[in-house]
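Here is the file input02.txt (compact mmCIF, C-alpha atoms).
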# COMPACT_ATOMS: atom_id res chain seq x y z
CA MET A 1 88.33 -58.61 17.49
CA LYS A 2 85.04 -57.23 16.16
CA LYS A 3 83.08 -59.51 18.41
CA LYS A 4 85.02 -58.27 21.41
CA PHE A 5 84.31 -54.61 20.43
CA LYS A 6 80.61 -55.23 20.06
CA LEU A 7 80.49 -56.96 23.40
CA PHE A 8 82.41 -54.08 24.97
CA ALA A 9 79.99 -51.52 23.44
CA PHE A 10 76.98 -53.46 24.65
CA ILE A 11 78.42 -53.72 28.17
CA ALA A 12 79.15 -49.97 28.11
CA LEU A 13 75.65 -49.14 27.01
CA MET A 14 74.11 -51.40 29.63
CA THR A 15 76.38 -49.94 32.25
CA ALA A 16 75.36 -46.42 31.26
CA TYR A 17 71.65 -47.38 31.32
CA TYR A 18 71.78 -48.97 34.74
CA SER A 19 74.14 -46.41 36.26
CA ASN A 20 72.36 -43.09 35.57
CA ALA A 21 69.77 -43.78 32.79
CA GLN A 22 71.56 -41.38 30.41
CA MET A 23 73.29 -41.95 27.13
CA GLY A 24 75.58 -39.73 25.09
CA ILE A 25 76.64 -40.19 21.50
CA ASN A 26 79.81 -38.33 20.60
CA THR A 27 79.82 -36.88 24.12
CA LYS A 28 80.93 -38.23 27.47
CA PHE A 29 78.81 -35.86 29.45
CA PRO A 30 75.18 -35.73 28.18
CA ASP A 31 73.04 -32.94 29.54
CA ALA A 32 71.70 -33.80 32.97
CA SER A 33 68.15 -33.23 31.78
CA ALA A 34 68.47 -35.55 28.77
CA ALA A 35 68.08 -39.32 28.64
CA LEU A 36 69.89 -39.25 25.29
CA GLU A 37 72.10 -36.53 23.82
CA VAL A 38 73.51 -36.78 20.33
CA LYS A 39 76.22 -34.42 19.16
CA SER A 40 77.60 -33.87 15.72
CA PRO A 41 81.40 -33.84 15.83
CA ASP A 42 81.61 -30.95 13.39
CA ASN A 43 78.10 -29.56 13.92
CA THR A 44 77.14 -30.37 10.35
CA LYS A 45 74.79 -33.29 10.88
CA GLY A 46 71.42 -33.91 12.50
CA VAL A 47 69.21 -36.70 13.79
CA LEU A 48 67.18 -38.55 11.20
CA ILE A 49 63.81 -39.63 12.59
CA PRO A 50 62.20 -42.76 11.08
CA ARG A 51 60.37 -41.90 7.84
CA SER A 52 57.16 -43.51 6.64
CA THR A 53 54.22 -42.81 4.39
CA THR A 54 50.85 -41.91 5.88
CA ALA A 55 49.57 -45.41 5.16
CA GLN A 56 52.58 -46.99 6.87
CA ILE A 57 52.21 -44.76 9.92
CA ASN A 58 48.54 -45.68 10.25
CA ALA A 59 49.58 -49.35 10.12
CA ILE A 60 51.97 -49.13 13.11
CA PRO A 61 50.59 -51.58 15.70
CA LEU A 62 49.88 -50.13 19.14
CA PRO A 63 51.99 -46.97 18.69
CA ALA A 64 53.10 -45.51 22.00
CA GLU A 65 51.65 -42.19 23.11
CA GLY A 66 54.12 -39.48 22.04
CA LEU A 67 55.70 -41.60 19.29
CA ILE A 68 57.19 -39.32 16.58
CA VAL A 69 57.51 -40.25 12.91
CA TYR A 70 58.22 -38.15 9.79
CA ASP A 71 55.35 -38.44 7.26
CA THR A 72 56.80 -38.47 3.77
CA THR A 73 53.32 -38.10 2.28
CA GLN A 74 52.38 -34.90 4.11
CA HIS A 75 56.00 -33.77 4.56
CA CYS A 76 55.73 -33.10 8.26
CA PHE A 77 56.43 -34.67 11.64
CA LEU A 78 53.54 -36.56 13.24
CA GLN A 79 53.13 -37.51 16.86
CA ASN A 80 50.64 -39.84 18.46
CA ALA A 81 48.52 -37.58 20.65
CA GLY A 82 46.14 -40.43 21.39
CA THR A 83 46.71 -43.79 23.06
CA SER A 84 48.18 -47.05 21.88
CA ALA A 85 44.73 -48.50 21.46
CA ILE A 86 43.28 -45.42 19.81
CA PRO A 87 46.12 -43.49 18.14
CA LYS A 88 45.64 -39.91 17.01
CA TRP A 89 48.34 -38.71 14.66
CA VAL A 90 48.70 -34.92 14.68
CA PRO A 91 51.33 -32.82 12.89
CA LEU A 92 54.05 -31.00 14.73
CA VAL A 93 53.53 -27.64 13.07
CA ASN A 94 56.64 -26.11 11.67
CA ALA A 95 54.99 -23.40 9.54
CA ALA A 96 51.71 -21.55 9.16
CA ASP A 97 49.86 -19.95 6.26
CA ASN A 98 46.38 -18.99 5.07
CA GLY A 99 45.89 -16.17 7.55
CA LEU A 100 48.06 -17.66 10.33
CA THR A 101 51.65 -16.92 11.37
CA ALA A 102 54.13 -19.19 13.22
CA THR A 103 56.19 -17.08 15.61
CA GLY A 104 58.45 -18.43 18.33
CA GLY A 105 56.82 -21.83 18.15
CA LYS A 106 53.37 -20.30 18.46
CA ILE A 107 50.59 -20.09 15.88
CA GLN A 108 49.00 -16.65 15.83
CA LEU A 109 46.26 -14.94 13.86
CA GLY A 110 47.57 -12.62 11.18
CA GLY A 111 48.62 -13.17 7.62
CA THR A 112 47.38 -13.44 4.07
CA LEU A 113 44.71 -15.92 3.05
CA THR A 114 46.05 -18.22 0.38
CA LYS A 115 42.78 -19.97 -0.48
CA PRO A 116 39.02 -19.46 -0.07
CA THR A 117 38.28 -19.97 3.61
CA ALA A 118 35.01 -20.47 5.52
CA LEU A 119 34.22 -20.37 9.24
CA THR A 120 31.14 -22.46 9.96
CA THR A 121 29.07 -21.65 13.02
CA THR A 122 26.00 -23.29 14.50
CA ALA A 123 23.29 -22.25 16.89
CA ALA A 124 25.31 -23.81 19.70
CA ASN A 125 28.75 -22.76 18.45
CA THR A 126 28.52 -19.08 17.66
CA LEU A 127 31.12 -16.51 16.70
CA ALA A 128 31.45 -13.20 18.53
CA ILE A 129 33.94 -10.35 18.30
CA SER A 130 34.22 -8.05 21.32
CA GLY A 131 36.21 -4.93 22.02
CA LEU A 132 35.64 -3.32 18.62
CA GLN A 133 36.34 0.39 18.31
CA ALA A 134 33.47 2.82 17.85
CA GLY A 135 32.88 3.73 14.21
CA THR A 136 31.87 6.98 12.56
CA ALA A 137 29.32 7.96 9.93
CA ALA A 138 32.12 8.01 7.33
CA ASP A 139 33.13 4.36 7.90
CA ASN A 140 32.26 1.63 5.44
CA VAL A 141 29.63 -1.02 6.24
CA LEU A 142 30.46 -4.71 6.58
CA VAL A 143 27.99 -6.92 4.72
CA ALA A 144 27.71 -10.54 3.60
CA ASP A 145 26.61 -11.62 0.14
CA SER A 146 24.27 -14.52 -0.61
CA ASN A 147 27.18 -16.96 -0.21
CA GLY A 148 28.19 -15.56 3.18
CA VAL A 149 31.31 -13.89 1.82
CA LEU A 150 32.14 -10.76 3.82
CA LYS A 151 32.46 -7.50 1.88
CA THR A 152 32.57 -3.78 2.62
CA VAL A 153 30.14 -1.27 1.15
CA LEU A 154 30.65 2.48 1.08
CA ARG A 155 28.36 4.25 3.50
CA SER A 156 27.48 6.68 0.71
CA ASN A 157 25.75 3.82 -1.11
CA PHE A 158 23.11 3.90 1.62
CA THR A 159 21.11 7.02 0.71
CA GLY A 160 20.85 9.35 3.66
CA ALA A 161 22.92 6.98 5.78
CA ASP A 162 19.69 5.67 7.30
CA ASN A 163 19.14 2.27 8.83
CA LEU A 164 17.09 0.96 5.91
CA GLY A 165 19.17 2.18 3.03
CA ASN A 166 18.32 2.75 -0.59
CA HIS A 167 17.31 -0.71 -1.67
CA THR A 168 14.41 -2.77 -2.92
CA ALA A 169 13.02 -4.99 -0.18
CA THR A 170 12.20 -8.61 -0.95
CA GLN A 171 10.33 -9.20 2.32
CA ASP A 172 7.69 -7.42 4.39
CA LEU A 173 8.93 -4.90 6.94
CA ASN A 174 7.82 -6.26 10.31
CA MET A 175 7.60 -3.40 12.84
CA ASN A 176 6.73 -5.81 15.67
CA THR A 177 3.78 -3.61 16.80
CA GLN A 178 5.98 -0.49 16.80
CA ASN A 179 4.99 2.77 15.06
CA ILE A 180 6.72 4.60 12.22
CA THR A 181 7.14 8.16 13.49
CA ALA A 182 8.59 11.46 12.25
CA ALA A 183 8.39 10.37 8.61
CA LYS A 184 8.73 13.08 5.99
CA ASP A 185 7.16 11.47 2.92
CA ILE A 186 5.68 7.98 2.77
CA THR A 187 4.89 6.65 -0.69
CA ALA A 188 3.13 3.30 -0.69
CA THR A 189 1.37 0.92 -3.02
CA GLY A 190 -0.51 -2.24 -2.23
CA THR A 191 -2.26 -3.08 1.03
CA ALA A 192 -1.54 -1.78 4.52
CA ALA A 193 -3.00 -3.95 7.27
CA ALA A 194 -3.27 -3.35 11.05
CA ALA A 195 -0.71 -0.55 11.13
CA ASN A 196 -0.38 2.98 12.47
CA VAL A 197 1.43 5.60 10.37
CA THR A 198 2.28 8.90 12.09
CA ALA A 199 3.82 11.41 9.68
CA SER A 200 5.21 14.83 10.57
CA THR A 201 4.35 16.33 7.18
CA LYS A 202 2.44 14.28 4.66
CA ALA A 203 1.90 10.82 3.22
CA THR A 204 1.80 10.39 -0.55
CA VAL A 205 -0.19 7.29 -1.50
CA GLN A 206 -0.64 6.32 -5.14
CA THR A 207 -2.86 3.36 -4.35
CA ALA A 208 -3.82 2.03 -0.94
CA ALA A 209 -6.25 -0.42 0.57
CA ILE A 210 -7.42 -0.77 4.16
CA ALA A 211 -8.90 -4.25 4.26
CA LYS A 212 -10.35 -3.97 7.76
CA GLY A 213 -10.87 -1.35 10.40
CA THR A 214 -9.55 -1.69 13.93
CA ASP A 215 -12.95 -3.05 14.92
CA GLY A 216 -12.49 -5.92 12.44
CA SER A 217 -15.20 -4.73 10.06
CA SER A 218 -14.64 -4.77 6.31
CA PRO A 219 -15.67 -1.89 4.03
CA GLN A 220 -18.59 -1.92 1.65
CA ALA A 221 -19.14 0.18 -1.44
CA GLY A 222 -19.76 3.78 -0.43
CA TYR A 223 -18.40 3.37 3.11
CA ILE A 224 -15.91 5.95 4.42
CA ALA A 225 -12.94 5.53 6.78
CA THR A 226 -13.36 7.54 9.96
CA ALA A 227 -11.34 7.94 13.14
CA ALA A 228 -12.83 5.92 15.98
CA ASN A 229 -10.85 7.77 18.66
CA ALA A 230 -8.06 10.28 19.28
CA ASN A 231 -5.44 7.55 18.65
CA GLY A 232 -6.32 7.50 14.96
CA ASP A 233 -7.87 4.02 14.92
CA ILE A 234 -9.78 3.65 11.65
CA VAL A 235 -13.24 2.12 11.29
CA TRP A 236 -15.35 1.73 8.18
CA THR A 237 -18.68 3.56 8.41
CA ALA A 238 -21.56 3.90 6.02
CA MET A 239 -21.84 7.47 4.74
CA ALA A 240 -25.26 7.74 6.37
CA GLU A 241 -23.77 6.70 9.74
CA SER A 242 -20.84 9.09 9.92
CA ALA A 243 -21.01 11.91 12.46
CA GLY A 244 -22.90 14.93 11.13
CA ALA A 245 -24.31 13.06 8.14
CA ILE A 246 -28.04 13.22 7.43
CA ASN A 247 -29.61 9.94 8.44
CA GLY A 248 -33.25 10.69 7.68
CA VAL A 249 -35.71 13.36 6.47
CA TYR A 250 -39.41 13.50 7.31
CA GLU A 251 -42.17 15.96 6.36
CA PHE A 252 -45.70 16.27 7.66
CA LEU A 253 -48.45 18.50 6.13
CA GLY A 254 -51.61 19.99 7.54
CA THR A 255 -54.91 18.47 6.45
CA ASN A 256 -58.31 19.73 7.67
CA THR A 257 -59.20 23.37 8.33
CA ILE A 258 -59.72 24.18 12.00
CA ASN A 259 -61.15 27.20 13.84
CA VAL A 260 -59.79 28.04 17.27
CA ALA A 261 -61.92 30.35 19.40
CA ALA A 262 -60.38 33.13 21.47
CA GLY A 263 -58.80 31.77 24.66
CA SER A 264 -58.66 28.21 23.28
CA THR A 265 -55.93 25.82 22.13
CA ALA A 266 -56.25 23.13 19.46
CA VAL A 267 -53.99 20.51 17.88
CA VAL A 268 -53.33 21.27 14.23
CA PRO A 269 -54.41 18.25 12.11
CA MET A 270 -51.46 16.74 10.14
CA ASN A 271 -51.11 13.79 7.77
CA GLY A 272 -48.64 12.16 10.15
CA ASN A 273 -46.58 12.96 13.22
CA SER A 274 -44.18 10.08 14.11
CA PHE A 275 -40.70 8.91 13.10
CA THR A 276 -38.27 6.29 14.42
CA LEU A 277 -34.56 6.70 15.23
CA THR A 278 -32.21 3.72 15.14
CA LYS A 279 -29.70 5.42 17.44
CA HIS A 280 -29.21 8.57 19.45
CA SER A 281 -29.27 11.50 17.03
CA LYS A 282 -29.39 15.26 16.61
CA VAL A 283 -32.73 16.33 15.06
CA LEU A 284 -33.51 19.64 13.34
CA ILE A 285 -37.26 20.38 13.45
CA THR A 286 -38.69 23.27 11.41
CA TYR A 287 -42.34 24.28 11.24
CA SER A 288 -44.42 26.89 9.42
CA LEU A 289 -48.09 27.78 9.84
CA LEU A 290 -50.34 30.52 8.36
CA PRO A 291 -52.94 31.73 10.93
CA LEU A 292 -55.87 33.77 9.51
CA PRO A 293 -58.97 35.45 10.95
CA SER A 294 -62.03 33.31 10.67
CA THR A 295 -64.11 36.41 9.82
CA GLY A 296 -63.17 39.41 7.72
CA GLY A 297 -62.51 42.56 9.73
CA ALA A 298 -61.82 40.51 12.92
CA PRO A 299 -58.03 40.44 13.32
CA VAL A 300 -56.48 37.68 15.42
CA GLN A 301 -53.41 37.13 17.59
CA GLY A 302 -51.97 34.11 19.34
CA SER A 303 -49.08 31.63 19.58
CA ILE A 304 -47.98 28.33 18.08
CA ASP A 305 -46.21 25.65 20.17
CA LEU A 306 -43.94 22.97 18.68
CA MET A 307 -44.59 19.75 20.58
CA VAL A 308 -41.92 16.99 20.59
CA ASP A 309 -43.06 13.81 22.30
CA ASN A 310 -45.96 15.87 23.73
CA VAL A 311 -43.56 18.36 25.34
CA LYS A 312 -43.48 22.03 24.26
CA THR A 313 -40.07 22.71 22.72
CA ILE A 314 -40.34 26.16 21.14
CA SER A 315 -43.08 28.76 20.42
CA SER A 316 -43.74 31.50 17.90
CA TYR A 317 -46.33 34.30 17.80
CA TYR A 318 -48.69 35.53 15.07
CA SER A 319 -50.91 38.46 14.17
CA ALA A 320 -53.30 38.50 11.15
CA THR A 321 -55.91 40.96 9.91
CA ASP A 322 -57.71 39.55 6.86
CA ALA A 323 -59.68 36.41 6.22
CA PRO A 324 -58.90 34.29 3.10
CA THR A 325 -62.03 35.60 1.40
CA VAL A 326 -60.40 39.04 1.19
CA LEU A 327 -56.63 38.40 1.01
CA GLY A 328 -55.95 42.12 0.91
CA ARG A 329 -53.54 42.29 3.81
CA LEU A 330 -52.51 38.65 4.23
CA GLY A 331 -50.66 37.85 7.43
CA ASN A 332 -47.17 36.32 7.43
CA TYR A 333 -46.31 32.71 8.02
CA SER A 334 -45.31 31.99 11.60
CA THR A 335 -42.22 29.78 11.55
CA ALA A 336 -39.48 28.53 13.89
CA GLN A 337 -36.91 25.75 14.16
CA LYS A 338 -35.23 23.83 16.95
CA ILE A 339 -32.36 21.33 17.25
CA VAL A 340 -32.95 18.60 19.83
CA SER A 341 -31.09 15.46 20.89
CA LEU A 342 -33.24 12.36 20.83
CA ALA A 343 -32.59 8.79 21.86
CA ALA A 344 -33.24 5.78 19.68
CA GLY A 345 -36.90 4.88 19.41
CA LEU A 346 -40.29 6.22 18.28
CA HIS A 347 -40.88 9.99 18.50
CA THR A 348 -43.76 12.33 17.70
CA VAL A 349 -44.05 15.96 16.63
CA GLY A 350 -47.05 18.29 16.43
CA LEU A 351 -48.32 21.90 16.55
CA ASN A 352 -50.66 23.43 19.10
CA LEU A 353 -52.46 26.57 17.93
CA LYS A 354 -53.54 29.12 20.61
CA SER A 355 -55.88 32.03 19.86
CA TRP A 356 -55.66 35.05 22.19
CA PHE A 357 -58.06 37.35 20.34
CA ASN A 358 -61.01 36.46 18.10
CA THR A 359 -61.33 33.14 16.25
CA THR A 360 -58.26 31.93 14.34
CA MET A 361 -58.39 29.50 11.44
CA THR A 362 -55.59 27.58 9.66
CA ASN A 363 -55.03 24.88 7.04
CA VAL A 364 -57.09 26.97 4.64
CA ASN A 365 -56.80 26.31 0.92
CA PRO A 366 -56.71 29.42 -1.33
CA VAL A 367 -59.87 30.74 -2.93
CA THR A 368 -60.19 30.17 -6.63
CA ALA A 369 -60.78 33.68 -7.81
CA GLY A 370 -57.99 36.22 -7.92
CA TYR A 371 -55.27 33.92 -6.55
CA GLY A 372 -52.49 32.63 -8.75
CA GLY A 373 -51.64 29.76 -6.46
CA ALA A 374 -55.21 28.47 -6.67
CA ALA A 375 -55.17 28.65 -10.45
CA ALA A 376 -52.03 26.51 -10.35
CA THR A 377 -53.80 24.00 -8.08
CA ASP A 378 -51.26 24.69 -5.30
CA SER A 379 -53.38 23.19 -2.54
CA GLN A 380 -50.43 23.14 -0.07
CA ALA A 381 -49.64 26.81 -0.30
CA MET A 382 -51.33 27.74 2.98
CA VAL A 383 -51.33 24.52 5.04
CA ALA A 384 -49.17 23.85 8.10
CA ARG A 385 -45.83 22.08 7.56
CA ILE A 386 -43.35 20.27 9.87
CA SER A 387 -39.93 19.19 8.52
CA VAL A 388 -37.67 16.79 10.46
CA VAL A 389 -34.00 16.31 9.50
CA VAL A 390 -32.02 13.65 11.43
CA PHE A 391 -28.23 13.96 11.84
CA ASN A 392 -25.85 11.37 13.24
CA ASP A 393 -24.17 12.29 16.52
Please lay out the structure from this file as structure tokens.
Amino acid sequence: MKKKFKLFAFIALMTAYYSNAQMGINTKFPDASAALEVKSPDNTKGVLIPRSTTAQINAIPLPAEGLIVYDTTQHCFLQNAGTSAIPKWVPLVNAADNGLTATGGKIQLGGTLTKPTALTTTAANTLAISGLQAGTAADNVLVADSNGVLKTVLRSNFTGADNLGNHTATQDLNMNTQNITAAKDITATGTAAAANVTASTKATVQTAAIAKGTDGSSPQAGYIATAANANGDIVWTAMAESAGAINGVYEFLGTNTINVAAGSTAVVPMNGNSFTLTKHSKVLITYSLLPLPSTGGAPVQGSIDLMVDNVKTISSYYSATDAPTVLGRLGNYSTAQKIVSLAAGLHTVGLNLKSWFNTTMTNVNPVTAGYGGAAATDSQAMVARISVVVFND
């Protein structure tokens, strides 16, 4: 009897397979969309899928694509999402955690992290968040610590809410050729190289070093930093080379006594008359000369010309009444000065003495008797003098 029942069941199954490719267990009318429909008579039972360990599942030979097995090791359903030759067992997710939520069969972002979690990016696979709302000055700041863990920091911890913050830098601040402008106070120590600092009020520097000027020159002892142009470019310049600084002083004294007859002109003998400039300069030239009558009771008048490179530059006039043998009414020194601009090179200076009336003498040493200067051996007291002071442009 049992054999007949089994044969009947087999024939029924084969008939059902070949007739409409559907099968129903505990139902005569399986759903038209189902190849197999299983019903529980009292709705208290389910379908038990084959159960295997992870090792057993991995040992299934040539598993069909879509094959489903329950993994008793991982406690989840696995399906072969690969091929028979290269199977890929993936879980059929039935729950979500650690920041994810399973809703309506979908896995969505949102939830509580249940373990330390890291998102690893690469130069090719980056992470971007778009559509963020605009923040305010009162919002906290998102930062990452040395391990990459994201944290929030109160904005108030950044003094002044500026973009640098109140912190101690561990690296150089690279301005990428840009200027620092509108700074209130700048306090610096160490070395500042190849940088412009424009401050609206002041810069407080405890110690500073400018290793090189914008022209690439290094400082030497005694050099000063000067502005090379209106942009504030700094160059190192020797004190003697800075604009307005004295770059040289020369003095020439009269030597031999000369007598210049009325209506004549003579060059006043000096112990030297040339100087050399290394660059274009401003030159202050001052001269003094004491004209005297050659004979007592024969007053003289005339003029003195300052000659620079044999060109008259300025003149002065004189009038004297007594000869040096009397010294009763001694005439005044005739003196003048002139500022001239001279190019680099060799230059000469000199005095031309003109006598308009009677014979004029100069470069006369004092007489011995009755003259304090002579007693003090002041032989230069009455000789001509030319002083040259050179200033840098």
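For the pair atom CA of A:Ser217 and atom CA of A:Ser281, the separation is 22.6 Å.
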Using all atoms listed in the file, find each residue in stretch 269-294 of chain A having at least one atom no more than 12 Å away from stretch 224-244 of chain A; report its shortest atom-to-atom pair and that distance in Å (one decimal), rows by chain then rising number, as a tab-separated table.
residue	atom	partner	partner_atom	distance
A:Thr278	CA	A:Glu241	CA	10.5
A:Lys279	CA	A:Glu241	CA	9.8
A:His280	CA	A:Ala243	CA	11.3
A:Ser281	CA	A:Gly244	CA	9.3
A:Lys282	CA	A:Gly244	CA	8.5
A:Val283	CA	A:Gly244	CA	10.7
A:Leu284	CA	A:Gly244	CA	11.8
I need the chosen residues saved as a PDB file, in the coordinates of the input, with C-alpha atoms.
ATOM      1  CA  THR A 278     -32.210   3.720  15.140  1.00  0.00           C
ATOM      2  CA  LYS A 279     -29.700   5.420  17.440  1.00  0.00           C
ATOM      3  CA  HIS A 280     -29.210   8.570  19.450  1.00  0.00           C
ATOM      4  CA  SER A 281     -29.270  11.500  17.030  1.00  0.00           C
ATOM      5  CA  LYS A 282     -29.390  15.260  16.610  1.00  0.00           C
ATOM      6  CA  VAL A 283     -32.730  16.330  15.060  1.00  0.00           C
ATOM      7  CA  LEU A 284     -33.510  19.640  13.340  1.00  0.00           C
TER       8      LEU A 284
END
task = Determine the nearest neighbour of A:Pro87 from the options A:Gly131, A:Gly254, A:Gly66, A:Gly350, counting all atoms listed in the file.
result =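 Smallest distance to A:Pro87 is found for A:Gly66.
Separating atom CA of A:Ser334 from atom CA of A:Ser355 is a distance of 13.4 Å.
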Write out as number ranges by chain which residues come within 12 Å of A:Ala85 when counting only C-alpha atoms, dropping same-chain ones fewer than 4 positions away.
A: 60-65, 80-81
Do you know which residues are at most 12 Å from stretch 102-116 of chain A counting only C-alpha atoms, after dropping those on the same chain fewer than 2 positions away, and could you put them as a short mmCIF file (atom, residue, chain, number, x, y, z; two decimals) with C-alpha atoms, in the frame of the given file?
data_model
loop_
_atom_site.label_atom_id
_atom_site.label_comp_id
_atom_site.auth_asym_id
_atom_site.auth_seq_id
_atom_site.Cartn_x
_atom_site.Cartn_y
_atom_site.Cartn_z
CA LEU A 92 54.05 -31.00 14.73
CA VAL A 93 53.53 -27.64 13.07
CA ASN A 94 56.64 -26.11 11.67
CA ALA A 95 54.99 -23.40 9.54
CA ALA A 96 51.71 -21.55 9.16
CA ASP A 97 49.86 -19.95 6.26
CA ASN A 98 46.38 -18.99 5.07
CA GLY A 99 45.89 -16.17 7.55
CA LEU A 100 48.06 -17.66 10.33
CA ALA A 118 35.01 -20.47 5.52
CA LEU A 119 34.22 -20.37 9.24
CA GLY A 148 28.19 -15.56 3.18
CA VAL A 149 31.31 -13.89 1.82
CA LEU A 150 32.14 -10.76 3.82
#
From atom CA of A:Thr126 to atom CA of A:Gln171 the spacing works out at 25.8 Å
Practice item. Can you pull out every residue within 7 Å of A:Asn271, counting all atoms listed in the file, but drop anything in the same chain fewer than 4 positions away, and send it as a PyMOL selection string? Key: chain A and resi 252-255
> Using only C-alpha atoms, which residues sit within 9 Å of A:Met307 once same-chain residues fewer than 5 positions away are excluded, as an NGL selection string?
Replying inline: :A and (312-314 or 348-352)
Taking 6 positions as the minimum chain separation for residues in the same chain, which residues sit within 10 Å of A:Thr286 when counting only C-alpha atoms? Answer as a ChimeraX atom specification.
/A:251,306,335-339,385-389
Self-check item: Which residue of A:Ile180, A:Ala245, A:Val69, A:Leu132 approaches A:Gln56 most closely, using all atoms listed in the file
Solution: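 Distance minimum relative to A:Gln56 lands on A:Val69.
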Check: At a cut-off of 12 Å from (58.8, -44.8, 9.6) in the coordinates of the file, what residues are picked up using only C-alpha atoms, written as number ranges by chain?
Finding: A: 48-60, 63, 67-73, 77-79
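Nearest residue to A:Ser264, choosing from A:Tyr317, A:Phe29, A:Trp356, A:Phe391 and counting only C-alpha atoms: A:Trp356.
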